[in-house]
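Enquirer: Quick one: this structure, given as structure tokens, is what I'll be asking you about.
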Amino acid sequence: MTIRLGVSLYSYQQTYLTGQLDLEGCIRTVVETTGATGIELIYEQMPLERYPDAVYPNITDKGISRWKELMDKYGTTPTCMDSFIDSKLYRGRISTVQEQIQMMEQDLKLASQLGFPCIRVLALVPPEVLEGALPAAEYYGVRMGQEVHPRFALNDEWMLNVAEISRRRNSKYVGLIPDFGIFSKGLPGSQLNLMKIMGENPDIVDFIEVSFKADFSHKEIAAQLRQMGAKEATVIAVERSAFMNRYNNPDLLKDLLDVIMHFHGKFTYMKEDCSEELTINYKDPIRILKEAGWDGYISSEFEGQRAYHGQNCPYEEDEIEQVRRHHVMLNRLLKS
Amino acid sequence: MTIRLGVSLYSYQQTYLTGQLDLEGCIRTVVETTGATGIELIYEQMPLERYPDAVYPNITDKGISRWKELMDKYGTTPTCMDSFIDSKLYRGRISTVQEQIQMMEQDLKLASQLGFPCIRVLALVPPEVLEGALPAAEYYGVRMGQEVHPRFALNDEWMLNVAEISRRRNSKYVGLIPDFGIFSKGLPGSQLNLMKIMGENPDIVDFIEVSFKADFSHKEIAAQLRQMGAKEATVIAVERSAFMNRYNNPDLLKDLLDVIMHFHGKFTYMKEDCSEELTINYKDPIRILKEAGWDGYISSEFEGQRAYHGQNCPYEEDEIEQVRRHHVMLNRLLKS
Amino acid sequence: MDINQKYMIDPKDIRNVVSRDGNRIGFELQLIIPYYRGAALSMIDELYVKVGAILYPKEQLTFTVDGFSYTWPQIETVTTFRWEYGTKATVFVPQQGGLDVSPIQHIEVGCSIRRSYGGRFPAPVVVKVAVDPCKLKAIRYQ
Amino acid sequence: MDINQKYMIDPKDIRNVVSRDGNRIGFELQLIIPYYRGAALSMIDELYVKVGAILYPKEQLTFTVDGFSYTWPQIETVTTFRWEYGTKATVFVPQQGGLDVSPIQHIEVGCSIRRSYGGRFPAPVVVKVAVDPCKLKAIRYQ
Ligand SMILES: [Mn+2]
Ligand SMILES: [Mn+2]
């Protein structure tokens, strides 16, 4: 019963998009820079095949073999495949529940062909789709984990309902995947960093970070910022963050560990000394997982690079270095 | 090198639709009433599986096994699977060539899973779709036969073009499937029979049959019918038949036998003495095939039942008996 | 082309529909596909029901097959579910009071499948039935 | 949400288009999908190009990816072909004369992908580029 580490290749999207790494390069980078062996994949981001060979969700035996060769070559293990369920596939209507179940079944099949033990189901996929796809999940031997993602909380009825489906149906094939972003207070670290880059007073930015950690409310902080002469854009950003940012007490994990199959190690800004993530509490959740003997992967999901993807943003984040730092912290927390 | 006989289960559509025979019953009926062992299938008419197990064009291993068990149980051989390529899948647009190629690939895959050596491609599927699907046909080992169906002729440019694709690409995976309806003169036998049933003077109906066989034109026959006091509906039916009815000289087969992979033994009205089909020339085409040593199946495709499917038509054709008679004639022609 | 016109409707399948609170909210009938094979639901091209002179175009109807209900225009992009050959589909017509005007109601149903061949707009197969409302059963919708 | 706004357009990919008989019939630009994954073509929700004050909505554009061209509204039901992550798609804008008014043309491109989450209508990612028509290359369409 041990916590293992991995990386979601989503973390290297920018390096991939700009042609510096291909899929194999991403896998190699995980192993060489972090020592971790768990690989999470958004298939639609880095597909194994494309037209004219095969178009997602289809894959040929050749594509499957290619994936297995890569796993063997680098000694890596598939941990989770990220699913989407495009309910807005067609303009003017939401896909029917049965169509969404079909989409889930296609993802479950693809995941099983590639050796993934579970798929990430987006937070907003309705429970009737999860329940409807349960026979297929059991048939393919792939677990469906609904992501507990900001702005959700572990004790929201929506999430508890998923836990209840699992227990009521006595099935491990449906459960939860918490995203560490739910253990964040205030604005994401990358967004704070972006403010500094775009010319906000660094003291004001640090004030925002510290104030949220001290549990001041958005309104209080925004009011204070106006007095401090912060830019209007900064104040608006703080006010708007109320919707997304709901801090989850890590203790909420305790009663759900039986239905939690995987974690997204979401982060946006690792400090240079690798001591901690700027705004996300990794220490307490990991302590709880260790105490409970939870078994599974924490899969780094770096999202900080996207803060700097505005057309005129002069800064570009170093994804590989950020993930490296993340694993330095994770390893330390696991051993302590 | 021998001409073999089979039956397209399309011939039993009415018996199937009215619940008197299921798929297995149709196969059994072929063997028991005709002695033939070739089975042609319109998968979308008599599918092996349906929702929730699998929806065409998908099929599960269970569905495939079921088909193979049926073939073993009755000693039958799959000869041809009828494909459609729904280019009007969506209102307001024709499916793109690439989408049609995808549809063809799905049918080729399904046909190969079920052991069919070829698929019938509808007459109007454009050549770029055939050529685009050629790699898939070769991959799956399933030949695409474009049907030469009334109102086409064997020497129409459209059909000769298909033959040319096959020869230019040196590929047996594309070719032709002539439908015996092209060897028919005048109105189909079932339509003539329907006229009698609906009260037209039988002598007038026989006159129509004989006049077409004597190569009088539609206009000439229609003019004569007016003088004879035929019903207006009868005259209109004769005039309208000009579009569909173009008699193909069976000699046209001779130069195409290298690209002809299969025949639809279309018929609508077998005489009780099984001597001949009412309006379709079977004698000469079969003589030509025998002389050339052509190898493949003539697959009975009974369509007469549909003439009597009008809401108020009191008559119902006996499909099983009609197919039985067809095979009495075919066997006699093969042996003579 | 009157494919399956003889089999498209069985008048015995026509029933009035009663809502949970006891009101007659319409009537339903069952259709066999007017084609010699099944088709993706998006290929239902034309569908209408006429009760006497009152026309109910497809946009007012509910089409149910294999237990799932669809309406227009949403059904026009449903390609992964099918109306199989020989499978009865239920069409609900939202006529207030259902069929209740005696003695005889004349119902006309038109339906066509958008097959790839045979002309630009396949003419609908049209079936006309006379219904005696007094003899109709009723079904309660949940 | 400005996903991939930095990468959506490379101004160096903008070219005037010359028809076979030598006339400038428009210009083309290339787009990287403004999303962190590929998507079925039907999921392109909004697409427009503005040249100065002139708006070209998607119905006037031609969208080409993997060598196949699509127009609206037809593309709205293409689900079995995709715009893959990182794959440049070509958008042709049918502006007579192409981009030829000097000195600088201001082009704005908006594009959004209809993902299932994140609000009812995802706001398009908008990129503005300034183009010097004198420096544009031209491509001849067959
Ligand atoms: Mn996540
Ligand atoms: Mn035929």
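Please note that chains go A, B, ... in the order of the structure tokens, that every chain numbers its residues from 1, and that ligands are numbered from 1 in the order shown.
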Please extract the residues at most 10 Å from ligand 1, counting only C-alpha atoms and all ligand atoms, and provide them as an NGL selection string, using the chain letters and residue numbers of this document.
Expert: :A and (8 or 10 or 82 or 120-123 or 147-150 or 177-182 or 263-267 or 299-303)
Enquirer: Using only C-alpha atoms, I'd like every residue of chain C that has an atom within 10 Å of chain B; please write them out as a PyMOL selection string.
Expert: chain C and resi 1-9+32+35-45+66+76-82+84-87+113-118+120+125-129
Enquirer: Please, which residues of segment 3-107 of chain A, numbered as in this document, come out alpha helix (DSSP H) from DSSP, as a ChimeraX atom specification?
Expert: /A:13-17,23-34,61-74,97-107
Enquirer: Please run DSSP on the backbone and report, as a compact mmCIF listing (two decimals) with all heavy atoms, in the first residue's frame, all residues within segment 17-157 of chain B that come out as strand (DSSP E or B).
Expert:
# COMPACT_ATOMS: atom_id res chain seq x y z
N GLY B 38 -25.13 -20.47 -50.69
CA GLY B 38 -24.59 -19.11 -50.64
C GLY B 38 -25.56 -18.18 -49.94
O GLY B 38 -26.75 -18.18 -50.25
N ILE B 39 -25.06 -17.39 -48.98
CA ILE B 39 -25.92 -16.46 -48.25
C ILE B 39 -25.44 -15.04 -48.48
O ILE B 39 -24.28 -14.70 -48.18
CB ILE B 39 -25.91 -16.75 -46.74
CG1 ILE B 39 -26.40 -18.18 -46.45
CG2 ILE B 39 -26.78 -15.73 -45.98
CD1 ILE B 39 -27.85 -18.44 -46.78
N GLU B 40 -26.34 -14.21 -48.99
CA GLU B 40 -26.07 -12.77 -49.11
C GLU B 40 -26.91 -12.08 -48.06
O GLU B 40 -28.04 -12.47 -47.78
CB GLU B 40 -26.43 -12.27 -50.51
CG GLU B 40 -26.25 -10.76 -50.68
CD GLU B 40 -26.15 -10.32 -52.13
OE1 GLU B 40 -26.28 -11.17 -53.03
OE2 GLU B 40 -25.91 -9.11 -52.35
N LEU B 41 -26.35 -11.03 -47.44
CA LEU B 41 -27.02 -10.38 -46.32
C LEU B 41 -26.98 -8.87 -46.45
O LEU B 41 -25.93 -8.30 -46.75
CB LEU B 41 -26.31 -10.78 -45.01
CG LEU B 41 -26.85 -10.20 -43.71
CD1 LEU B 41 -28.22 -10.80 -43.38
CD2 LEU B 41 -25.88 -10.46 -42.56
N THR B 77 -22.35 -20.53 -46.80
CA THR B 77 -21.17 -19.70 -47.03
C THR B 77 -21.59 -18.25 -47.25
O THR B 77 -22.49 -17.98 -48.06
CB THR B 77 -20.45 -20.16 -48.32
OG1 THR B 77 -20.13 -21.55 -48.18
CG2 THR B 77 -19.18 -19.37 -48.55
N PRO B 78 -20.98 -17.32 -46.54
CA PRO B 78 -21.29 -15.91 -46.81
C PRO B 78 -20.75 -15.54 -48.20
O PRO B 78 -19.59 -15.81 -48.51
CB PRO B 78 -20.51 -15.16 -45.72
CG PRO B 78 -20.03 -16.19 -44.75
CD PRO B 78 -19.97 -17.48 -45.48
N THR B 79 -21.60 -14.92 -49.03
CA THR B 79 -21.17 -14.60 -50.40
C THR B 79 -20.99 -13.10 -50.61
O THR B 79 -20.07 -12.68 -51.32
CB THR B 79 -22.21 -15.09 -51.43
OG1 THR B 79 -23.47 -14.48 -51.13
CG2 THR B 79 -22.36 -16.60 -51.36
N CYS B 80 -21.85 -12.28 -50.03
CA CYS B 80 -21.81 -10.85 -50.28
C CYS B 80 -22.59 -10.13 -49.21
O CYS B 80 -23.64 -10.61 -48.76
CB CYS B 80 -22.42 -10.55 -51.67
SG CYS B 80 -22.41 -8.82 -52.13
N MET B 81 -22.07 -8.98 -48.74
CA MET B 81 -22.79 -8.16 -47.77
C MET B 81 -23.16 -6.85 -48.45
O MET B 81 -22.32 -6.23 -49.10
CB MET B 81 -21.91 -7.89 -46.55
CG MET B 81 -22.67 -7.30 -45.35
SD MET B 81 -21.57 -6.87 -43.97
CE MET B 81 -21.22 -5.15 -44.37
N ASP B 82 -24.42 -6.46 -48.36
CA ASP B 82 -24.86 -5.27 -49.07
C ASP B 82 -24.63 -4.00 -48.26
O ASP B 82 -25.15 -3.83 -47.16
CB ASP B 82 -26.35 -5.40 -49.44
CG ASP B 82 -26.59 -6.47 -50.47
OD1 ASP B 82 -26.10 -7.61 -50.27
OD2 ASP B 82 -27.26 -6.19 -51.48
N CYS B 118 -16.95 -10.23 -50.39
CA CYS B 118 -17.18 -8.98 -51.10
C CYS B 118 -18.38 -8.23 -50.51
O CYS B 118 -19.18 -8.80 -49.76
CB CYS B 118 -17.38 -9.21 -52.61
SG CYS B 118 -18.95 -10.00 -53.06
N ILE B 119 -18.44 -6.95 -50.86
CA ILE B 119 -19.60 -6.13 -50.49
C ILE B 119 -20.21 -5.54 -51.74
O ILE B 119 -19.50 -5.27 -52.72
CB ILE B 119 -19.26 -5.00 -49.51
CG1 ILE B 119 -18.22 -4.04 -50.09
CG2 ILE B 119 -18.83 -5.53 -48.16
CD1 ILE B 119 -18.02 -2.78 -49.23
N ARG B 120 -21.52 -5.38 -51.73
CA ARG B 120 -22.21 -4.71 -52.82
C ARG B 120 -22.19 -3.24 -52.53
O ARG B 120 -22.62 -2.80 -51.48
CB ARG B 120 -23.68 -5.18 -52.86
CG ARG B 120 -24.50 -4.60 -53.99
CD ARG B 120 -24.96 -3.14 -53.82
NE ARG B 120 -25.55 -2.76 -52.57
CZ ARG B 120 -26.87 -2.67 -52.36
NH1 ARG B 120 -27.72 -2.97 -53.31
NH2 ARG B 120 -27.32 -2.29 -51.18
N VAL B 121 -21.64 -2.47 -53.46
CA VAL B 121 -21.62 -1.02 -53.36
C VAL B 121 -22.73 -0.48 -54.24
O VAL B 121 -22.85 -0.86 -55.40
CB VAL B 121 -20.25 -0.47 -53.82
CG1 VAL B 121 -20.25 1.06 -53.78
CG2 VAL B 121 -19.14 -1.02 -52.94
N ARG B 143 -13.64 -7.51 -51.32
CA ARG B 143 -13.75 -6.84 -52.61
C ARG B 143 -14.98 -5.93 -52.64
O ARG B 143 -16.04 -6.27 -52.09
CB ARG B 143 -13.86 -7.88 -53.74
CG ARG B 143 -12.74 -8.90 -53.71
CD ARG B 143 -13.02 -10.06 -54.65
NE ARG B 143 -12.78 -9.70 -56.04
CZ ARG B 143 -12.97 -10.53 -57.07
NH1 ARG B 143 -13.42 -11.75 -56.86
NH2 ARG B 143 -12.74 -10.13 -58.29
N MET B 144 -14.83 -4.79 -53.28
CA MET B 144 -15.96 -3.87 -53.43
C MET B 144 -16.53 -4.05 -54.83
O MET B 144 -15.83 -3.83 -55.82
CB MET B 144 -15.49 -2.42 -53.29
CG MET B 144 -14.89 -2.09 -51.93
SD MET B 144 -14.30 -0.38 -51.88
CE MET B 144 -12.89 -0.47 -52.98
N GLY B 145 -17.81 -4.46 -54.92
CA GLY B 145 -18.43 -4.64 -56.22
C GLY B 145 -19.53 -3.61 -56.42
O GLY B 145 -20.52 -3.58 -55.68
N GLN B 146 -19.33 -2.73 -57.38
CA GLN B 146 -20.37 -1.75 -57.64
C GLN B 146 -21.48 -2.41 -58.45
O GLN B 146 -21.22 -3.08 -59.46
CB GLN B 146 -19.83 -0.53 -58.39
CG GLN B 146 -20.88 0.58 -58.51
CD GLN B 146 -20.27 1.97 -58.43
OE1 GLN B 146 -19.35 2.28 -59.17
NE2 GLN B 146 -20.79 2.82 -57.54
N GLU B 147 -22.70 -2.23 -57.96
CA GLU B 147 -23.81 -2.93 -58.58
C GLU B 147 -24.21 -2.25 -59.89
O GLU B 147 -24.42 -1.04 -59.94
CB GLU B 147 -25.02 -2.95 -57.62
CG GLU B 147 -26.16 -3.81 -58.13
CD GLU B 147 -27.32 -3.91 -57.14
OE1 GLU B 147 -27.29 -3.22 -56.10
OE2 GLU B 147 -28.25 -4.70 -57.42
N VAL B 148 -24.31 -3.04 -60.94
CA VAL B 148 -24.85 -2.55 -62.21
C VAL B 148 -26.34 -2.84 -62.17
O VAL B 148 -26.77 -3.97 -62.40
CB VAL B 148 -24.19 -3.24 -63.42
CG1 VAL B 148 -24.64 -2.56 -64.71
CG2 VAL B 148 -22.67 -3.21 -63.30
Enquirer: Please identify every residue of chain A that has at least one atom no more than 12 Å from any atom of chain B, counting only C-alpha atoms, and report them as a PyMOL selection string.
Expert: chain A and resi 51-55+58+90+98-99+101-102+105-106+132-133+135-136
Enquirer: Based on the selection just made, write N, CA, C and O atoms of those residues as a CSV table (one decimal), in the first residue's frame.
Expert:
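Generated file (selection_14.csv):
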chain,number,residue,atom,x,y,z
A,51,TYR,N,-5.4,11.0,-38.5
A,51,TYR,CA,-5.8,10.7,-39.9
A,51,TYR,C,-4.5,10.8,-40.8
A,51,TYR,O,-3.7,11.6,-40.5
A,52,PRO,N,-4.3,9.9,-41.7
A,52,PRO,CA,-5.3,8.9,-42.2
A,52,PRO,C,-5.2,7.5,-41.5
A,52,PRO,O,-5.9,6.6,-41.9
A,53,ASP,N,-4.3,7.3,-40.5
A,53,ASP,CA,-4.2,6.0,-39.9
A,53,ASP,C,-5.4,5.6,-39.1
A,53,ASP,O,-6.0,4.6,-39.3
A,54,ALA,N,-5.7,6.4,-38.1
A,54,ALA,CA,-6.9,6.2,-37.3
A,54,ALA,C,-7.2,7.5,-36.6
A,54,ALA,O,-6.4,8.3,-36.3
A,55,VAL,N,-8.5,7.8,-36.5
A,55,VAL,CA,-9.0,9.0,-35.9
A,55,VAL,C,-9.7,8.7,-34.6
A,55,VAL,O,-10.5,7.8,-34.5
A,58,ASN,N,-10.8,5.9,-32.4
A,58,ASN,CA,-10.3,4.6,-33.0
A,58,ASN,C,-8.8,4.6,-32.9
A,58,ASN,O,-8.1,5.6,-32.8
A,90,TYR,N,-22.6,18.8,-31.1
A,90,TYR,CA,-23.4,19.4,-32.2
A,90,TYR,C,-24.0,20.8,-31.7
A,90,TYR,O,-24.5,20.9,-30.6
A,98,GLN,N,-27.7,8.7,-23.5
A,98,GLN,CA,-27.3,7.5,-24.2
A,98,GLN,C,-26.1,7.8,-25.1
A,98,GLN,O,-25.2,7.0,-25.2
A,99,GLU,N,-26.1,8.9,-25.8
A,99,GLU,CA,-24.9,9.2,-26.6
A,99,GLU,C,-23.7,9.5,-25.8
A,99,GLU,O,-22.6,9.1,-26.1
A,101,ILE,N,-23.1,8.1,-22.9
A,101,ILE,CA,-22.7,6.8,-22.4
A,101,ILE,C,-21.9,6.1,-23.5
A,101,ILE,O,-20.9,5.5,-23.3
A,102,GLN,N,-22.3,6.2,-24.8
A,102,GLN,CA,-21.6,5.7,-25.9
A,102,GLN,C,-20.1,6.3,-25.9
A,102,GLN,O,-19.2,5.6,-26.2
A,105,GLU,N,-18.1,4.8,-23.3
A,105,GLU,CA,-17.7,3.4,-23.6
A,105,GLU,C,-16.5,3.4,-24.6
A,105,GLU,O,-15.7,2.6,-24.5
A,106,GLN,N,-16.5,4.3,-25.5
A,106,GLN,CA,-15.4,4.4,-26.5
A,106,GLN,C,-14.1,4.8,-25.7
A,106,GLN,O,-13.1,4.2,-26.0
A,132,GLY,N,-24.8,4.6,-16.3
A,132,GLY,CA,-25.1,3.9,-17.5
A,132,GLY,C,-23.9,3.2,-18.1
A,132,GLY,O,-24.0,2.2,-18.8
A,133,ALA,N,-22.7,3.8,-17.9
A,133,ALA,CA,-21.5,3.2,-18.4
A,133,ALA,C,-20.8,2.2,-17.5
A,133,ALA,O,-19.8,1.6,-17.9
A,135,PRO,N,-21.6,-0.9,-16.7
A,135,PRO,CA,-21.4,-2.2,-17.3
A,135,PRO,C,-20.2,-2.2,-18.2
A,135,PRO,O,-19.4,-3.2,-18.2
A,136,ALA,N,-20.0,-1.2,-19.0
A,136,ALA,CA,-18.9,-1.2,-19.9
A,136,ALA,C,-17.6,-1.0,-19.1
A,136,ALA,O,-16.6,-1.6,-19.5
Enquirer: List as a PDB file with N, CA and C atoms, in the first residue's frame the protein and nucleic acid residues near Arg140 of chain D, meaning an atom at most 6 Å away when only C-alpha atoms are counted, but skip any in the same chain fewer than 2 places from it.
Expert:
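Saved file selection.pdb follows:
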ATOM      1  N   VAL D  17      -3.846  35.111 -51.846  1.00  0.00           N
ATOM      2  CA  VAL D  17      -4.181  33.972 -52.686  1.00  0.00           C
ATOM      3  C   VAL D  17      -4.510  34.451 -54.088  1.00  0.00           C
ATOM      4  N   VAL D  18      -3.867  33.833 -55.042  1.00  0.00           N
ATOM      5  CA  VAL D  18      -4.053  34.196 -56.439  1.00  0.00           C
ATOM      6  C   VAL D  18      -4.761  33.041 -57.130  1.00  0.00           C
ATOM      7  N   SER D  19      -5.766  33.381 -57.923  1.00  0.00           N
ATOM      8  CA  SER D  19      -6.482  32.311 -58.610  1.00  0.00           C
ATOM      9  C   SER D  19      -5.716  31.909 -59.863  1.00  0.00           C
TER      10      SER D  19
END
Enquirer: Could you tell me which of B:Gln224, B:Thr268, B:Thr234, B:Thr279 comes closest to ligand 2 if we count only C-alpha atoms and all ligand atoms?
Expert: B:Thr268
Enquirer: Calculate how many Å separate atom CA of Asp100 of chain D from atom CA of Lys58 of chain D, rounding to one decimal.
Expert: 21.9 Å
Enquirer: In Å, with one decimal, what is the gap from atom CA of Asn248 of chain A to atom CA of Glu277 of chain A?
Expert: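 For atom CA of Asn248 of chain A relative to atom CA of Glu277 of chain A, the distance reads 16.0 Å.
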Enquirer: Would you work out the distance separating atom CA of Pro133 of chain D from atom CA of Tyr48 of chain D, expressed in Å to one decimal?
Expert: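 Between atom CA of Pro133 of chain D and atom CA of Tyr48 of chain D the gap works out to 19.9 Å.
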Enquirer: For Ser171 of chain B, find every residue with an atom within 9 Å (counting only C-alpha atoms), except residues of its own chain fewer than 5 positions away, and show them as a ChimeraX atom specification.
Expert: /B:134,138,165-166
Enquirer: With distances taken over only C-alpha atoms, which of A:Phe212, A:Phe116, A:Tyr247, A:Trp67 is nearest to His262 of chain A?
Expert: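 So, comparing all the options, the nearest one is A:Phe116.
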Enquirer: Compile the contact shell of Gly98 of chain D as a PDB file with C-alpha atoms, in the first residue's frame: residues with an atom at most 12 Å away, counting only C-alpha atoms, same-chain residues fewer than 6 positions apart removed.
Expert:
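Written out: result.pdb:
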ATOM      1  CA  ILE D  14      -0.497  34.923 -43.816  1.00  0.00           C
ATOM      2  CA  ARG D  15      -0.445  34.925 -47.595  1.00  0.00           C
ATOM      3  CA  ASN D  16      -2.443  36.422 -50.384  1.00  0.00           C
ATOM      4  CA  VAL D  17      -4.181  33.972 -52.686  1.00  0.00           C
ATOM      5  CA  VAL D  18      -4.053  34.196 -56.439  1.00  0.00           C
ATOM      6  CA  SER D  19      -6.482  32.311 -58.610  1.00  0.00           C
ATOM      7  CA  ASN D  23      -6.474  37.521 -59.813  1.00  0.00           C
ATOM      8  CA  ARG D  24      -6.088  38.042 -56.099  1.00  0.00           C
ATOM      9  CA  ILE D  25      -9.180  36.376 -54.707  1.00  0.00           C
ATOM     10  CA  GLY D  26      -8.416  36.598 -51.023  1.00  0.00           C
ATOM     11  CA  PHE D  27      -5.889  35.713 -48.401  1.00  0.00           C
ATOM     12  CA  GLU D  28      -5.245  32.813 -46.102  1.00  0.00           C
ATOM     13  CA  LEU D  29      -3.924  32.437 -42.624  1.00  0.00           C
ATOM     14  CA  VAL D  51      -9.909  43.085 -41.758  1.00  0.00           C
ATOM     15  CA  PHE D  92      -9.270  31.300 -46.529  1.00  0.00           C
ATOM     16  CA  GLN D 105      -3.713  46.099 -42.291  1.00  0.00           C
ATOM     17  CA  VAL D 131       0.141  42.947 -41.456  1.00  0.00           C
ATOM     18  CA  PRO D 133       0.717  43.846 -47.311  1.00  0.00           C
ATOM     19  CA  CYS D 134       3.904  44.696 -49.148  1.00  0.00           C
ATOM     20  CA  LEU D 136       3.141  39.234 -47.959  1.00  0.00           C
ATOM     21  CA  LYS D 137       3.876  36.270 -50.100  1.00  0.00           C
ATOM     22  CA  ALA D 138       1.212  34.910 -52.396  1.00  0.00           C
ATOM     23  CA  ILE D 139       0.042  31.411 -53.119  1.00  0.00           C
TER      24      ILE D 139
END
